[in-house]
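Everything below concerns the one structure shown next.
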Amino acid sequence: MKGKVIIAGAGPGAVDLITLRAKNALEQADVIIYAGSLVNPEILAFAKKEAEKVNSAGLSLDEVIALTFNAVNAGKNVVRLHTGDPAMYGAISEQMNELDKLKIKYEVIPGVSSVFAAAAAVKAELTMPGITQTAILTRRAGRTPVPEAEDLKKLAANDASIALFLSVADMPGLVADFIEAGRSPETPVAVVYRASWPNQKVVRGTLADISEKIESAGIKRQAIILVGGAIERGGEKSLLYDSGFAHGYRGAKENVKFEGKTAIYAITEKGALKAGEIAGGMTKATVFVPEKFSSQFSTFESFGSQKLGKLIKHNWHDYDAHLFIMATGIAVRKIAPLLEGKTVDPAVVVCDELGNNSISLLSGHIGGANRLASTVAGITGGKAVITTATDTNKLVAFDELAAINGWQVCNPEMIKVFNARLLAGEEMDLMLPEDIFEKKYKDIRGLRLIAGLSEAENPVVTLNCKKSTKQPCLRLFSTGYAIGIGCRRNITVKQIEKAVRTALNTAGLKMDMVRCLASADVKRYEAGLLDFATDYNLLIKFYGKESLNSIVTPHSSPRAEKEFGIKSVAEAAAMLAAGTDKLVLEKQKIDGVTIAIAAVSPEKGDDD
């Protein structure tokens, strides 16, 4: 039985900069042919004791190939270990050509190049907005020439960052090339000797003085030279993390990124890979795959054969959204028995396993499926398929307006009526916060702002056909909700989350409408409760016995009164936090957790 060949990069020098894949290859190797003193000998300690280690510094190509051929035919595993990344000045093409001729199969494992270790050593980014978006990796002609078109004087005739290998021996000549190319003598230069090794040395300067500094430092070889303005970290800020700039993994501040908790289901291997890619671009996503893939995708949750339907039913209200990486028909049949209504159903999106199309299937506006489809398409580079009429006409539907602002639709039966009027361009009077009207509706025919409201002044947004109060209206309640929580000791975060979501669903509310949590002082150190608040970035308020007992609640709690002297925990805490004497949802006991919900009063809310 023949062995196998792996060509691997050892990294720039530091032992802990070798890749895990290369380390694993060394641990399994029978023969290691390494690039002499350029490879840190400590890296060879990863090999098993009986492995044969051969220094290739004195070997010709023919000798290396012969050694490899004999080892493979003897059934041995061979690692050809190069310094840095083998793709950069590793002379591996000629080796691979010979292995191809001999029909010997091989694998290439990349490594950390010394150029990137050098950039890290000087804490530089080689591409900086406003300076350069190009980095050139090259070397100056020496005993071995370079193609005429790649002469350094030609490559240096722009402001790109240039990293030079194998070029430190003639620094005066190198500087002359840059000056002749038009670079300023004040151009920053950094020279890094043996990047990442224990005896690493960094010399900084400019084209005007770097030659003298390098001579004083005694650097003659094994150095990377970095040239360009980017080394000094000038330039402009990148748009990558700008709050106003959208890309596949993050929507702009005013954009459509979906932030809810998402369950992602895949049933094929390709689908599972795509699910992992999508989950990596989201903040709260759990991937579920068939049990047969559990070892291959160890970080995913698994489900047994014929159990997908039961899993979806179990997860239905525990997640804000469900993303299916499979055929639309499968998803439709699985969710059909679970549907209740547009104000309570979670978002549902279907995506093909190549990520070409993300289809908003259910609860496009209030549930956020349209935003989820757009988010997924941004991650995969595919297309969001959105069929709601307002969106295809580039209008913000009124239930979408409610969803993106965390408002509740008080009379959902009117959503269809008013969205239809919006599409038809009919005249309507809007009572909205002025900034929202300016961004969403200012230039739309038929819409008129009759009052600019702040959320604190009046949490009700009314959309009237005409000025008469007798005309039908759509009311959007812009307040948030306080959730009072009582729980037994050592409750888990999953139990609390399930109870909260169940209660919200009963009340017809969504998780993003929750403004704060509240409980009794005696629960201040309950880990599950604190973790839940942290997971959802929610303020949690704790109240003492006297404050809680001062509130008149619909129900009492004999157990809490007996144990802590508190007449009510969940209901009283919710009402205190909300600054109201009414509850949206009276207490519900769910698996060891008691939940009550109150709407926060803008005038009376407790801001302690």
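By convention here, the chains of the structure tokens are called A, B, ... in the order presented, each chain's residues are numbered starting at 1, and ligands are numbered starting at 1 in the order presented.
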(request) Could you find all residues in range 304-413 of chain A that DSSP calls alpha helix (DSSP H) from the backbone, and write them as number ranges by chain? (result) A: 308-315, 328-335, 369-380, 389-392, 398-405
(request) Can you list, as JSON, numbers by chain, all residues belonging to range 359-421 of chain A that DSSP tags as strand (DSSP E)? (result) {"A": [359, 360, 361, 362, 383, 384, 385, 408, 409]}
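Of note, CA of Arg21 in chain A and CA of Lys48 in chain A are spaced 15.7 Å apart.
Shortest separation to Ser556 in chain A among A:Ala124, A:Ala384, A:Ala118, A:Ala572 occurs at residue A:Ala572, atoms counted being only C-alpha atoms.
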Near-range 443-447 of chain A list (6 Å; only C-alpha atoms; drop same-chain fewer than 5 positions) as a PDB file with N, CA and C atoms, in the first residue's frame:
```
ATOM      1  N   GLY A 425     -51.766  54.696  -3.527  1.00  0.00           N
ATOM      2  CA  GLY A 425     -51.435  56.122  -3.521  1.00  0.00           C
ATOM      3  C   GLY A 425     -52.544  56.986  -2.983  1.00  0.00           C
ATOM      4  N   GLU A 426     -53.437  56.431  -2.164  1.00  0.00           N
ATOM      5  CA  GLU A 426     -54.545  57.211  -1.606  1.00  0.00           C
ATOM      6  C   GLU A 426     -54.042  58.179  -0.536  1.00  0.00           C
ATOM      7  N   GLU A 427     -54.806  59.237  -0.325  1.00  0.00           N
ATOM      8  CA  GLU A 427     -54.421  60.234   0.666  1.00  0.00           C
ATOM      9  C   GLU A 427     -54.636  59.708   2.076  1.00  0.00           C
ATOM     10  N   MET A 428     -53.621  59.876   2.901  1.00  0.00           N
ATOM     11  CA  MET A 428     -53.706  59.466   4.311  1.00  0.00           C
ATOM     12  C   MET A 428     -52.946  60.474   5.153  1.00  0.00           C
TER      13      MET A 428
END
```
(message) When you count only C-alpha atoms, which of these residues is closest to Lys313 in chain A: A:Ala327, A:Ala570, A:Val175, A:Leu339?
(response)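 When distances to Lys313 in chain A are compared using only C-alpha atoms, the smallest one comes from A:Leu339.
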(message) List the spatial neighbours of Ala275 in chain A as a PyMOL selection string - criterion: any atom at most 10 Å away, only C-alpha atoms, same-chain residues fewer than 6 positions off excluded.
(response) chain A and resi 263-266+269+285-289+300+323-325+351+353-355+376
Let's have the selection written as a PDB file, in the first residue's frame, with C-alpha atoms.
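result-v3.pdb, freshly written:
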```
ATOM      1  CA  ALA A 263     -33.144  28.160  13.837  1.00  0.00           C
ATOM      2  CA  ILE A 264     -31.490  26.901  10.637  1.00  0.00           C
ATOM      3  CA  TYR A 265     -32.410  23.458   9.296  1.00  0.00           C
ATOM      4  CA  ALA A 266     -30.481  21.468   6.664  1.00  0.00           C
ATOM      5  CA  GLU A 269     -24.331  17.696   3.446  1.00  0.00           C
ATOM      6  CA  ALA A 285     -28.340  31.222  15.058  1.00  0.00           C
ATOM      7  CA  THR A 286     -28.510  27.499  15.830  1.00  0.00           C
ATOM      8  CA  VAL A 287     -28.025  24.926  13.073  1.00  0.00           C
ATOM      9  CA  PHE A 288     -29.914  21.614  13.091  1.00  0.00           C
ATOM     10  CA  VAL A 289     -28.766  18.715  10.868  1.00  0.00           C
ATOM     11  CA  PHE A 300     -24.427  21.740  15.179  1.00  0.00           C
ATOM     12  CA  LEU A 323     -34.514  29.210   7.959  1.00  0.00           C
ATOM     13  CA  PHE A 324     -34.814  26.060   5.829  1.00  0.00           C
ATOM     14  CA  ILE A 325     -31.918  25.074   3.549  1.00  0.00           C
ATOM     15  CA  CYS A 351     -32.786  29.038   0.892  1.00  0.00           C
ATOM     16  CA  GLU A 353     -28.156  24.767  -0.661  1.00  0.00           C
ATOM     17  CA  LEU A 354     -25.997  26.894  -2.986  1.00  0.00           C
ATOM     18  CA  GLY A 355     -27.296  30.119  -1.440  1.00  0.00           C
ATOM     19  CA  VAL A 376     -29.055  35.688   4.245  1.00  0.00           C
TER      20      VAL A 376
END
```
(message) List the spatial neighbours of Ile214 in chain A as a PyMOL selection string - criterion: any atom at most 9 Å away, only C-alpha atoms, same-chain residues fewer than 4 positions off excluded.
(response) chain A and resi 168+171+191+203+209-210+218-220
